[in-house]
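Data first, discussion second: the structure below is written as structure tokens.
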Amino acid sequence: MAEKKKMTVAEILAAARATGGQDSAAKPAALKEPEAVAEQSAVEVPAKPVPKPKPAAASSAAGGARPGVADILAMARAKKAEAAGTAAQAVSEKPAAAAVKPVASKPAPKSPAAVGAAKTGVQRDTASILAAARAAAKPGPVAKADAPSRPAPKPRETAKPIEEKAAPPRTVATLPAKPVKPAKKGAADGEDRRGFLQIAMGSAMAMGFTALSVTGGLFTLGLARFLFPNVLAEPPSKFKVGSKDGFPAGKVETKFVAQYGVWVVNGDFQGLQQVYALKTVCTHLGCTPSWLEAEQKFKCPCHGSGFYKDGVNFEGPAPRPLERYAIRVADDGQLEIDKSKSFQEELGQWADPDSFVTV
Ligand code: FES
């Protein structure tokens with residue numbers, strides 16, 4: 001509400017102009033007041049120090065476009081030219097004194113006072129309005145020549161170089177040497193024991209693997225021997241027993257039984273003196289009979305079968321006579337026996353000339 005009631009100088013002047021045309025004669029004091037004030041303010045206003053407007057007043061006065069002092073004076077002069085000469089003089093004497101009084105007697109109102117007067121609605125005089133306008137007027141651009149010389153800025157103090165402080169010498173703390181801990185005897189023994197166990201286990205494992213390898217090798221060799229038998233291990237089927245003169249008549253030679261399984265006999269068979277080779281295998285179950293020189297017979301120890309000197313069975317379970325091998329006189333005059341061929345008496349094979357050698 002206080003700001004609405006506050007009137008600016010322009011508004012006041014506009015109101016004065018509006019009313020000046022109509023009632024210039026009735027209210028000469030109101031119209032001529034700015035002129036008188038302008039004349040007097042040129043003398044009196046500078047004498048009084050105008051208080052600096054407060055920020056609140058300045059902000060409120062800067063709200064709209066306000067005419068400057070020169071405009072106000074120009075408008076006053078124009079009004080002055082229009083007014084009549086006599087009326088202007090009369091008006092300028094009386095109201096001037098009246099206008100000077102309040103201005104001279106009263107101190108220059110401060111902007112808050114003008115605001116208070118506007119609030120209360122009291123009509124202010126021209127001096128107070130001008131003072132308020134000056135106080136609220138913004139300073140225009142000032143030429144460099146008119147501008148007060150500003151104090152030269154103080155040169156900035158250059159930053160002083162920071163002096164490097166010498167680092168205090170470090171004191172190396174010499175720690176006392178730690179005493180060497182003696183090696184634990186128990187730990188050393190444990191390590192030795194563990195090493196021995198490791199070596200023993202390693203050796204045992206190595207021995208086990210070695211034995212396994214050897215066993216595998218032997219098994220492989222035996223398997224190869226089984227798959228490929230050596231047939232040449234048997235004694236040869238032909239062998240020589242010497243000349244027939246070495247076998248006298250009626251003599252049974254037993255020295256070839258163990259090596260060749262043959263009896264060489266110089267005997268009589270069916271009226272013929274012959275040298276023949278008897279097989280030392282019993283015809284019952286395969287046992288080896290024995291020659292009994294006193295009894296002049298072959299006796300089987302197994303079941304008691306008996307055979308004569310010519311090989312014919314005569315007792316015991318033997319079902320047939322002993323068998324003969326092939327015999328011949330070799331190129332060198334020796335008797336050669338061939339076991340690959342056999343001759344059986346029950347089959348009449350003893351009559352084969354390959355089964356005997358005549359003497
Ligand atoms: Fe010679 Fe039985 S095997 S009698």
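Each chain in the structure tokens gets a letter, A, B, ..., in the order shown, and its residues are numbered from 1; ligands are numbered from 1 in order too.
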Residues near Cys287 (chain A), anyone? I mean within 12 Å using only C-alpha atoms, not counting same-chain ones fewer than 4 positions away, as number ranges by chain. A: 261, 279-283, 298-305, 318, 322
Among listed residues A:Gly250, A:Gly267, A:Pro317, A:Pro353, nearest ligand 1 (using only C-alpha atoms and all ligand atoms):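 Closest to ligand 1 of all the choices is A:Pro317.
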Expressed in Å, the length from CA of Val357 (chain A) to CA of Gln274 (chain A) is 5.7 Å
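Here CA of Ile72 (chain A) and CA of Leu13 (chain A) stand 8.3 Å from one another.
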To one decimal place, how far is CA of Arg77 (chain A) from CA of Ala132 (chain A) in Å?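 Straight-line distance from CA of Arg77 (chain A) to CA of Ala132 (chain A) works out to 20.9 Å.
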